[in-house]
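Dropping model.pdb in here (PDB, C-alpha atoms and all ligand atoms):
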ATOM      1  CA  MET U   1      -7.216  -4.395 -20.580  1.00  0.00           C
ATOM      2  CA  LYS U   2      -3.566  -3.320 -20.578  1.00  0.00           C
ATOM      3  CA  LEU U   3      -0.839  -4.611 -18.295  1.00  0.00           C
ATOM      4  CA  TYR U   4       2.302  -2.503 -18.002  1.00  0.00           C
ATOM      5  CA  GLU U   5       5.010  -4.953 -17.054  1.00  0.00           C
ATOM      6  CA  PHE U   6       8.689  -5.819 -17.143  1.00  0.00           C
ATOM      7  CA  ALA U   7       9.548  -9.511 -17.179  1.00  0.00           C
ATOM      8  CA  PRO U   8      11.263 -10.241 -13.842  1.00  0.00           C
ATOM      9  CA  THR U   9       9.300  -7.893 -11.561  1.00  0.00           C
ATOM     10  CA  ARG U  10       6.237  -7.864  -9.338  1.00  0.00           C
ATOM     11  CA  SER U  11       4.225  -7.521 -12.556  1.00  0.00           C
ATOM     12  CA  ILE U  12       4.505 -11.345 -12.618  1.00  0.00           C
ATOM     13  CA  ARG U  13       1.752 -11.413  -9.962  1.00  0.00           C
ATOM     14  CA  ALA U  14      -0.660  -9.530 -12.219  1.00  0.00           C
ATOM     15  CA  ARG U  15       0.284 -11.573 -15.299  1.00  0.00           C
ATOM     16  CA  TRP U  16      -0.193 -14.803 -13.342  1.00  0.00           C
ATOM     17  CA  THR U  17      -3.712 -13.744 -12.303  1.00  0.00           C
ATOM     18  CA  LEU U  18      -4.667 -12.643 -15.829  1.00  0.00           C
ATOM     19  CA  GLN U  19      -3.382 -15.904 -17.318  1.00  0.00           C
ATOM     20  CA  GLU U  20      -5.236 -18.024 -14.764  1.00  0.00           C
ATOM     21  CA  LEU U  21      -8.410 -16.039 -15.419  1.00  0.00           C
ATOM     22  CA  GLY U  22      -7.992 -16.577 -19.161  1.00  0.00           C
ATOM     23  CA  VAL U  23      -8.645 -12.883 -19.783  1.00  0.00           C
ATOM     24  CA  ASP U  24      -7.318 -11.270 -22.966  1.00  0.00           C
ATOM     25  CA  PHE U  25      -4.934  -8.448 -22.236  1.00  0.00           C
ATOM     26  CA  GLU U  26      -2.431  -6.277 -23.998  1.00  0.00           C
ATOM     27  CA  ALA U  27       1.028  -6.534 -22.464  1.00  0.00           C
ATOM     28  CA  ILE U  28       3.045  -3.327 -22.617  1.00  0.00           C
ATOM     29  CA  THR U  29       6.707  -3.611 -21.712  1.00  0.00           C
ATOM     30  CA  VAL U  30       8.116  -0.783 -19.624  1.00  0.00           C
ATOM     31  CA  ASN U  31      11.862  -1.268 -19.710  1.00  0.00           C
ATOM     32  CA  LEU U  32      12.990  -0.160 -16.276  1.00  0.00           C
ATOM     33  CA  LEU U  33      16.639  -0.627 -17.248  1.00  0.00           C
ATOM     34  CA  ALA U  34      16.157   1.929 -20.030  1.00  0.00           C
ATOM     35  CA  GLY U  35      14.448   4.416 -17.679  1.00  0.00           C
ATOM     36  CA  GLN U  36      10.989   3.909 -19.185  1.00  0.00           C
ATOM     37  CA  GLY U  37       9.422   3.898 -15.706  1.00  0.00           C
ATOM     38  CA  GLN U  38      10.304   7.571 -15.351  1.00  0.00           C
ATOM     39  CA  THR U  39       8.864   9.024 -18.547  1.00  0.00           C
ATOM     40  CA  PRO U  40       6.167  11.719 -18.066  1.00  0.00           C
ATOM     41  CA  GLU U  41       3.625   9.463 -19.859  1.00  0.00           C
ATOM     42  CA  TYR U  42       4.256   6.513 -17.562  1.00  0.00           C
ATOM     43  CA  LEU U  43       4.392   8.686 -14.414  1.00  0.00           C
ATOM     44  CA  ARG U  44       0.902   9.931 -15.272  1.00  0.00           C
ATOM     45  CA  LEU U  45      -0.296   6.314 -14.904  1.00  0.00           C
ATOM     46  CA  ASN U  46       1.875   5.371 -11.950  1.00  0.00           C
ATOM     47  CA  PRO U  47       3.287   8.367 -10.066  1.00  0.00           C
ATOM     48  CA  ALA U  48       5.686   6.020  -8.228  1.00  0.00           C
ATOM     49  CA  GLY U  49       7.314   5.064 -11.546  1.00  0.00           C
ATOM     50  CA  LYS U  50       6.941   1.395 -10.616  1.00  0.00           C
ATOM     51  CA  LEU U  51       5.493  -1.746 -12.132  1.00  0.00           C
ATOM     52  CA  PRO U  52       2.952  -3.166 -12.541  1.00  0.00           C
ATOM     53  CA  THR U  53       0.114  -0.900 -13.653  1.00  0.00           C
ATOM     54  CA  LEU U  54      -3.214  -2.186 -14.945  1.00  0.00           C
ATOM     55  CA  VAL U  55      -5.466  -0.096 -17.164  1.00  0.00           C
ATOM     56  CA  ASP U  56      -9.011  -1.363 -17.606  1.00  0.00           C
ATOM     57  CA  GLY U  57     -11.143   1.252 -19.373  1.00  0.00           C
ATOM     58  CA  ASP U  58     -11.211   4.220 -17.022  1.00  0.00           C
ATOM     59  CA  VAL U  59      -9.669   2.212 -14.166  1.00  0.00           C
ATOM     60  CA  VAL U  60      -5.959   2.870 -13.707  1.00  0.00           C
ATOM     61  CA  LEU U  61      -4.623   0.693 -10.927  1.00  0.00           C
ATOM     62  CA  THR U  62      -1.184   0.379  -9.395  1.00  0.00           C
ATOM     63  CA  GLU U  63       0.066  -1.905  -6.586  1.00  0.00           C
ATOM     64  CA  SER U  64       0.351  -5.558  -7.553  1.00  0.00           C
ATOM     65  CA  VAL U  65      -1.768  -6.840  -4.657  1.00  0.00           C
ATOM     66  CA  ALA U  66      -4.551  -4.328  -5.364  1.00  0.00           C
ATOM     67  CA  ILE U  67      -4.423  -5.373  -9.029  1.00  0.00           C
ATOM     68  CA  VAL U  68      -4.794  -9.107  -8.351  1.00  0.00           C
ATOM     69  CA  LEU U  69      -7.684  -8.466  -5.930  1.00  0.00           C
ATOM     70  CA  TYR U  70      -9.418  -6.202  -8.467  1.00  0.00           C
ATOM     71  CA  LEU U  71      -9.099  -8.849 -11.167  1.00  0.00           C
ATOM     72  CA  ALA U  72     -10.295 -11.655  -8.899  1.00  0.00           C
ATOM     73  CA  GLU U  73     -13.329  -9.591  -7.856  1.00  0.00           C
ATOM     74  CA  LYS U  74     -14.110  -8.584 -11.428  1.00  0.00           C
ATOM     75  CA  TYR U  75     -14.263 -12.257 -12.464  1.00  0.00           C
ATOM     76  CA  PRO U  76     -15.811 -13.921  -9.378  1.00  0.00           C
ATOM     77  CA  GLU U  77     -16.723 -17.123 -11.218  1.00  0.00           C
ATOM     78  CA  LYS U  78     -13.104 -18.307 -10.913  1.00  0.00           C
ATOM     79  CA  ARG U  79     -13.344 -18.044  -7.101  1.00  0.00           C
ATOM     80  CA  PHE U  80      -9.866 -16.534  -6.773  1.00  0.00           C
ATOM     81  CA  VAL U  81     -11.175 -14.576  -3.746  1.00  0.00           C
ATOM     82  CA  PRO U  82     -13.330 -16.327  -1.156  1.00  0.00           C
ATOM     83  CA  THR U  83     -16.806 -14.907  -0.579  1.00  0.00           C
ATOM     84  CA  ASP U  84     -16.986 -16.183   2.987  1.00  0.00           C
ATOM     85  CA  PRO U  85     -15.902 -13.222   5.187  1.00  0.00           C
ATOM     86  CA  LYS U  86     -13.849 -15.412   7.495  1.00  0.00           C
ATOM     87  CA  LEU U  87     -11.856 -16.922   4.647  1.00  0.00           C
ATOM     88  CA  ARG U  88     -11.611 -13.518   2.984  1.00  0.00           C
ATOM     89  CA  ALA U  89     -10.133 -12.113   6.189  1.00  0.00           C
ATOM     90  CA  GLN U  90      -7.548 -14.913   6.174  1.00  0.00           C
ATOM     91  CA  LEU U  91      -6.720 -14.155   2.545  1.00  0.00           C
ATOM     92  CA  ASN U  92      -6.183 -10.474   3.414  1.00  0.00           C
ATOM     93  CA  ARG U  93      -4.074 -11.513   6.379  1.00  0.00           C
ATOM     94  CA  TRP U  94      -1.687 -13.631   4.300  1.00  0.00           C
ATOM     95  CA  LEU U  95      -1.558 -11.178   1.388  1.00  0.00           C
ATOM     96  CA  LEU U  96      -0.516  -8.447   3.799  1.00  0.00           C
ATOM     97  CA  PHE U  97       1.914 -10.763   5.552  1.00  0.00           C
ATOM     98  CA  THR U  98       3.496 -11.612   2.204  1.00  0.00           C
ATOM     99  CA  ALA U  99       3.767  -7.976   1.101  1.00  0.00           C
ATOM    100  CA  THR U 100       4.988  -6.539   4.385  1.00  0.00           C
ATOM    101  CA  GLU U 101       6.895  -9.321   6.157  1.00  0.00           C
ATOM    102  CA  LEU U 102       8.299 -11.398   3.282  1.00  0.00           C
ATOM    103  CA  GLU U 103       8.587  -9.018   0.363  1.00  0.00           C
ATOM    104  CA  GLN U 104       9.961  -5.975   2.182  1.00  0.00           C
ATOM    105  CA  PRO U 105      13.209  -7.653   3.325  1.00  0.00           C
ATOM    106  CA  LEU U 106      13.656  -9.069  -0.186  1.00  0.00           C
ATOM    107  CA  TRP U 107      13.243  -5.600  -1.668  1.00  0.00           C
ATOM    108  CA  ARG U 108      15.809  -4.221   0.777  1.00  0.00           C
ATOM    109  CA  ILE U 109      18.225  -6.979  -0.209  1.00  0.00           C
ATOM    110  CA  ALA U 110      17.703  -6.156  -3.896  1.00  0.00           C
ATOM    111  CA  ARG U 111      18.303  -2.465  -3.256  1.00  0.00           C
ATOM    112  CA  HIS U 112      21.507  -3.054  -1.314  1.00  0.00           C
ATOM    113  CA  THR U 113      22.740  -5.753  -3.711  1.00  0.00           C
ATOM    114  CA  PHE U 114      22.318  -4.121  -7.111  1.00  0.00           C
ATOM    115  CA  LEU U 115      19.806  -1.246  -7.209  1.00  0.00           C
ATOM    116  CA  TYR U 116      21.443   1.441  -5.095  1.00  0.00           C
ATOM    117  CA  PRO U 117      24.641   3.050  -6.362  1.00  0.00           C
ATOM    118  CA  GLU U 118      27.582   1.074  -5.002  1.00  0.00           C
ATOM    119  CA  GLU U 119      28.584   3.674  -2.402  1.00  0.00           C
ATOM    120  CA  GLN U 120      25.096   3.539  -0.815  1.00  0.00           C
ATOM    121  CA  ARG U 121      24.949  -0.260  -0.469  1.00  0.00           C
ATOM    122  CA  SER U 122      25.138  -1.678   3.027  1.00  0.00           C
ATOM    123  CA  PRO U 123      26.170  -5.316   3.588  1.00  0.00           C
ATOM    124  CA  ALA U 124      24.891  -4.990   7.194  1.00  0.00           C
ATOM    125  CA  ASP U 125      21.430  -4.144   5.889  1.00  0.00           C
ATOM    126  CA  ILE U 126      21.494  -7.237   3.666  1.00  0.00           C
ATOM    127  CA  GLU U 127      22.356  -9.363   6.681  1.00  0.00           C
ATOM    128  CA  ILE U 128      19.543  -7.908   8.811  1.00  0.00           C
ATOM    129  CA  ALA U 129      17.005  -8.185   6.003  1.00  0.00           C
ATOM    130  CA  SER U 130      18.057 -11.805   5.334  1.00  0.00           C
ATOM    131  CA  ARG U 131      17.495 -12.659   8.976  1.00  0.00           C
ATOM    132  CA  GLU U 132      14.109 -10.933   8.974  1.00  0.00           C
ATOM    133  CA  PHE U 133      13.054 -12.829   5.852  1.00  0.00           C
ATOM    134  CA  ARG U 134      14.108 -16.166   7.339  1.00  0.00           C
ATOM    135  CA  GLU U 135      12.186 -15.493  10.566  1.00  0.00           C
ATOM    136  CA  MET U 136       8.987 -14.605   8.748  1.00  0.00           C
ATOM    137  CA  ALA U 137       9.408 -17.407   6.183  1.00  0.00           C
ATOM    138  CA  ALA U 138       9.501 -19.810   9.145  1.00  0.00           C
ATOM    139  CA  VAL U 139       6.060 -18.514  10.177  1.00  0.00           C
ATOM    140  CA  MET U 140       4.729 -19.105   6.677  1.00  0.00           C
ATOM    141  CA  GLU U 141       6.391 -22.524   6.576  1.00  0.00           C
ATOM    142  CA  GLN U 142       4.462 -23.450   9.707  1.00  0.00           C
ATOM    143  CA  HIS U 143       1.193 -22.146   8.224  1.00  0.00           C
ATOM    144  CA  MET U 144       1.630 -24.085   4.990  1.00  0.00           C
ATOM    145  CA  ARG U 145       2.445 -27.454   6.579  1.00  0.00           C
ATOM    146  CA  GLY U 146      -0.260 -29.893   5.516  1.00  0.00           C
ATOM    147  CA  ARG U 147      -1.952 -27.309   3.286  1.00  0.00           C
ATOM    148  CA  GLU U 148      -2.282 -27.195  -0.460  1.00  0.00           C
ATOM    149  CA  PHE U 149      -3.293 -23.522  -0.674  1.00  0.00           C
ATOM    150  CA  VAL U 150      -2.787 -20.382   1.415  1.00  0.00           C
ATOM    151  CA  VAL U 151      -6.465 -20.277   2.396  1.00  0.00           C
ATOM    152  CA  GLY U 152      -9.343 -22.698   1.995  1.00  0.00           C
ATOM    153  CA  ASP U 153      -9.324 -25.703  -0.283  1.00  0.00           C
ATOM    154  CA  HIS U 154      -8.704 -24.132  -3.672  1.00  0.00           C
ATOM    155  CA  VAL U 155      -6.337 -21.705  -5.299  1.00  0.00           C
ATOM    156  CA  THR U 156      -6.717 -17.950  -4.701  1.00  0.00           C
ATOM    157  CA  VAL U 157      -4.760 -14.853  -5.605  1.00  0.00           C
ATOM    158  CA  GLY U 158      -2.998 -15.362  -2.267  1.00  0.00           C
ATOM    159  CA  ASP U 159      -1.225 -18.315  -3.879  1.00  0.00           C
ATOM    160  CA  PHE U 160      -0.114 -16.378  -6.959  1.00  0.00           C
ATOM    161  CA  VAL U 161       1.292 -13.573  -4.793  1.00  0.00           C
ATOM    162  CA  LEU U 162       2.951 -15.917  -2.312  1.00  0.00           C
ATOM    163  CA  ALA U 163       4.456 -18.304  -4.881  1.00  0.00           C
ATOM    164  CA  TYR U 164       6.053 -15.418  -6.789  1.00  0.00           C
ATOM    165  CA  THR U 165       7.452 -13.977  -3.543  1.00  0.00           C
ATOM    166  CA  LEU U 166       8.863 -17.369  -2.539  1.00  0.00           C
ATOM    167  CA  ASP U 167      10.497 -17.724  -5.944  1.00  0.00           C
ATOM    168  CA  TRP U 168      12.154 -14.376  -5.213  1.00  0.00           C
ATOM    169  CA  GLY U 169      13.281 -15.618  -1.778  1.00  0.00           C
ATOM    170  CA  ASN U 170      14.632 -18.759  -3.432  1.00  0.00           C
ATOM    171  CA  GLU U 171      16.575 -16.636  -5.953  1.00  0.00           C
ATOM    172  CA  VAL U 172      18.515 -15.102  -3.066  1.00  0.00           C
ATOM    173  CA  GLN U 173      19.078 -18.505  -1.407  1.00  0.00           C
ATOM    174  CA  LEU U 174      16.854 -17.826   1.594  1.00  0.00           C
ATOM    175  CA  LEU U 175      14.375 -20.682   1.242  1.00  0.00           C
ATOM    176  CA  ASP U 176      16.718 -23.574   2.041  1.00  0.00           C
ATOM    177  CA  ARG U 177      15.298 -24.018   5.575  1.00  0.00           C
ATOM    178  CA  CYS U 178      11.703 -24.086   4.343  1.00  0.00           C
ATOM    179  CA  PRO U 179      11.089 -27.419   2.567  1.00  0.00           C
ATOM    180  CA  THR U 180       7.302 -27.030   2.678  1.00  0.00           C
ATOM    181  CA  LEU U 181       7.425 -23.597   1.054  1.00  0.00           C
ATOM    182  CA  LEU U 182       9.927 -24.759  -1.540  1.00  0.00           C
ATOM    183  CA  SER U 183       7.795 -27.677  -2.705  1.00  0.00           C
ATOM    184  CA  TYR U 184       4.594 -25.568  -2.551  1.00  0.00           C
ATOM    185  CA  MET U 185       6.240 -22.879  -4.716  1.00  0.00           C
ATOM    186  CA  LYS U 186       7.421 -25.448  -7.286  1.00  0.00           C
ATOM    187  CA  ARG U 187       3.958 -27.050  -7.334  1.00  0.00           C
ATOM    188  CA  MET U 188       2.332 -23.665  -7.971  1.00  0.00           C
ATOM    189  CA  TYR U 189       4.688 -22.970 -10.879  1.00  0.00           C
ATOM    190  CA  GLU U 190       3.737 -26.332 -12.393  1.00  0.00           C
ATOM    191  CA  ARG U 191       0.197 -25.033 -12.985  1.00  0.00           C
ATOM    192  CA  PRO U 192      -0.445 -24.858 -16.741  1.00  0.00           C
ATOM    193  CA  LYS U 193      -1.171 -21.106 -16.649  1.00  0.00           C
ATOM    194  CA  ALA U 194       1.728 -20.170 -14.371  1.00  0.00           C
ATOM    195  CA  PRO U 195       4.070 -17.428 -15.606  1.00  0.00           C
ATOM    196  CA  MET U 196       7.819 -17.775 -16.072  1.00  0.00           C
ATOM    197  CA  ARG U 197       9.965 -18.251 -12.991  1.00  0.00           C
ATOM    198  CA  ILE U 198      11.965 -15.136 -12.094  1.00  0.00           C
ATOM    199  CA  ALA U 199      15.241 -16.624 -13.377  1.00  0.00           C
ATOM    200  CA  ALA U 200      13.702 -17.433 -16.770  1.00  0.00           C
ATOM    201  CA  ALA U 201      12.043 -14.008 -16.942  1.00  0.00           C
ATOM    202  CA  ALA U 202      15.373 -12.313 -16.190  1.00  0.00           C
ATOM    203  CA  ALA U 203      17.120 -14.440 -18.819  1.00  0.00           C
ATOM    204  CA  SER U 204      14.408 -13.521 -21.357  1.00  0.00           C
ATOM    205  CA  ILE U 205      15.554  -9.883 -21.187  1.00  0.00           C
ATOM    206  CA  GLY U 206      19.255 -10.728 -21.091  1.00  0.00           C
ATOM    207  CA  MET U 207      19.735 -10.063 -17.348  1.00  0.00           C
TER     208      MET U 207
HETATM  209  N1  LIG P 301       4.313  -2.147  -3.873  1.00  0.00           N
HETATM  210  C1  LIG P 301       4.498  -2.122  -5.292  1.00  0.00           C
HETATM  211  C2  LIG P 301       5.960  -2.263  -5.573  1.00  0.00           C
HETATM  212  C3  LIG P 301       6.253  -2.192  -7.047  1.00  0.00           C
HETATM  213  C4  LIG P 301       7.749  -2.142  -7.325  1.00  0.00           C
HETATM  214  O1  LIG P 301       8.570  -1.643  -6.525  1.00  0.00           O
HETATM  215  N2  LIG P 301       8.130  -2.618  -8.501  1.00  0.00           N
HETATM  216  C5  LIG P 301       9.517  -2.575  -8.892  1.00  0.00           C
HETATM  217  C6  LIG P 301       9.861  -3.760  -9.742  1.00  0.00           C
HETATM  218  S1  LIG P 301       9.639  -5.272  -8.877  1.00  0.00           S
HETATM  219  C7  LIG P 301       9.734  -1.323  -9.721  1.00  0.00           C
HETATM  220  O2  LIG P 301       8.943  -1.005 -10.563  1.00  0.00           O
HETATM  221  N3  LIG P 301      10.824  -0.638  -9.451  1.00  0.00           N
HETATM  222  C8  LIG P 301      11.182   0.520 -10.186  1.00  0.00           C
HETATM  223  C9  LIG P 301      11.768   1.537  -9.278  1.00  0.00           C
HETATM  224  O3  LIG P 301      11.807   1.337  -8.048  1.00  0.00           O
HETATM  225  O4  LIG P 301      12.192   2.574  -9.807  1.00  0.00           O
HETATM  226  C10 LIG P 301       3.688  -3.227  -5.960  1.00  0.00           C
HETATM  227  O5  LIG P 301       3.558  -4.298  -5.353  1.00  0.00           O
HETATM  228  O6  LIG P 301       3.161  -3.035  -7.069  1.00  0.00           O
END
For the file at hand, write its structure as structure tokens.
Ligand SMILES: N[C@@H](CCC(=O)N[C@@H](CS)C(=O)NCC(=O)O)C(=O)O
Amino acid sequence: MKLYEFAPTRSIRARWTLQELGVDFEAITVNLLAGQGQTPEYLRLNPAGKLPTLVDGDVVLTESVAIVLYLAEKYPEKRFVPTDPKLRAQLNRWLLFTATELEQPLWRIARHTFLYPEEQRSPADIEIASREFREMAAVMEQHMRGREFVVGDHVTVGDFVLAYTLDWGNEVQLLDRCPTLLSYMKRMYERPKAPMRIAAAAASIGM
């Protein structure tokens, strides 16, 4: 199995799942800063030029959430996806909530802070996206009160995806009103197989 990754990106979700599964994999660095996401070879794997991509035999999979679900379903003995349809529906619910309601404003903030060329950056967009993140983080904060995991009574891929996304929110100082989420995120990163925090991953490539 090959994981195309770059340290401080959404590839952390896939790496986290692989590490928790204890599956051997070959890590291939795609240096986005050096334009390696746009080479013809890489675009053949991931036409969006984004990370992560997982290659497992003849399976070529993009989209970090699809990747973690594929891995969890391939190795069901770890129970990283619930088999009960009701719990599974809740897992899907919170994975989608994380990707659409929490991650999207963070991505917009990143684009307008350092990804877009300076003349295309909009401080107003950062402000709106920050507000949207805070509103949706408050919903997640409420959900997580009194819970150890996103769904059910043991860890699932929902936790790996959420904890990474909260670390991202924390990096841009938007988690200060969410004490439950902050301590949950730190607890998740204390797991022995957890990946590097975003700050450490960024530092590891000199960012
Ligand atoms: N929805 C995709 C988003 C992937 C994504 O945007 N990854 C970023 C890094 S976190 C990337 O590769 N960006 C390169 C680019 O936009 O050119 C996923 O979850 O896999």
**Request:** Could you tell me, counting all atoms listed in the file, which protein and nucleic acid residues lie no more than 10 Å from ligand LIG 301 (chain P), written as a PyMOL selection string?
**Result:** chain U and resi 5-14+30-33+35-38+46+48-53+61-67+99-100+103-104+107+110-111+115+161
**Polymer residues at most 10 Å from Leu175 in chain U, all atoms listed in the file, same-chain spacing of 3 or more positions, as a list in words** =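 Within the cut-off, the hits are Phe133, Arg134, Ala137, Ala138, Glu141, Leu166, Asp167, Trp168, Gly169, Asn170, Glu171, Val172, Cys178, Pro179, Thr180, Leu181 and Leu182 of chain U.
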**Request:** Give me the result of the PyMOL selection byres (((chain U and resi 97) around 12) and not hetatm) on this file, residue by residue, as a list in words.
**Result:** Val65, Gln90, Leu91, Asn92, Arg93, Trp94, Leu95, Leu96, Thr98, Ala99, Thr100, Glu101, Leu102, Glu103, Gln104, Pro105, Phe133, Met136, Ala137, Val139, Met140, His143, Val150, Gly158, Val161, Leu162 and Thr165 of chain U
**Asked** Out of U:Val59, U:Val81, U:Ile205, U:Ile128, which residue has the shortest atom-to-atom distance to Gly152 in chain U when counting all atoms listed in the file?
**Response**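 Among the listed residues, U:Val81 lies closest to Gly152 in chain U.
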**Request:** Name the residues in contact with Thr83 in chain U at a cut-off of 12 Å, using all atoms listed in the file, excluding same-chain residues fewer than 5 positions from it; report them as an MDAnalysis selection string.
**Result:** chainID U and resid 72:73 76:78 88:91 152 156
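With CA of Pro192 in chain U on one side and CA of Gln19 in chain U on the other, the separation reads 9.4 Å.
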**Message:** Applying 9 Å and only C-alpha atoms, which residues near Leu21 in chain U remain after dropping the ones on its own chain fewer than 5 positions away? List them as a VMD selection string.
**Reply:** chain U and resid 16 71 to 72 75 78 80 193
Take the residues that were just selected and, keeping C-alpha atoms, output them as a PDB file, keeping the file's coordinate frame.
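The resulting file, part-v8.pdb, is reproduced below:
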ATOM      1  CA  TRP U  16      -0.193 -14.803 -13.342  1.00  0.00           C
ATOM      2  CA  LEU U  71      -9.099  -8.849 -11.167  1.00  0.00           C
ATOM      3  CA  ALA U  72     -10.295 -11.655  -8.899  1.00  0.00           C
ATOM      4  CA  TYR U  75     -14.263 -12.257 -12.464  1.00  0.00           C
ATOM      5  CA  LYS U  78     -13.104 -18.307 -10.913  1.00  0.00           C
ATOM      6  CA  PHE U  80      -9.866 -16.534  -6.773  1.00  0.00           C
ATOM      7  CA  LYS U 193      -1.171 -21.106 -16.649  1.00  0.00           C
TER       8      LYS U 193
END
**Item:** Given the PyMOL selection byres (((chain U and resi 28) around 8) and not hetatm), the residues it picks as number ranges by chain
**Value:** U: 2-5, 26-27, 29-30
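Between CA of Val23 in chain U and CA of Asp56 in chain U there is a distance of 11.7 Å.
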Let me have the centre and edge lengths of the axis-aligned box enclosing all listed atoms of range 83-91 of chain U with 4 Å padding on every side, in Å to one decimal, as lines of an AutoDock Vina configuration file.
center_x = -11.9
center_y = -14.5
center_z = 3.5
size_x = 18.3
size_y = 12.8
size_z = 16.1
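Our summary of the geometry notes that CA of Met188 in chain U is positioned 23.8 Å from CA of Ser130 in chain U.
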**Asked** For Val151 in chain U, which residue among U:Ile198, U:Glu119, U:Asp176, U:Arg79 is the nearest when counting all atoms listed in the file?
**Response** U:Arg79
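Using only C-alpha atoms, the shortest contact distance between Val60 in chain U and any of U:Val155, U:Ser183, U:Tyr42, U:Met207 is found at U:Tyr42.
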**Prompt:** Nearest to Pro195 in chain U among U:Gln173, U:Pro47, U:Leu18, U:Asp84, with distances taken over all atoms listed in the file: which residue is it?
**Reply:**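 With all atoms listed in the file as the atom set, the closest residue is U:Leu18.
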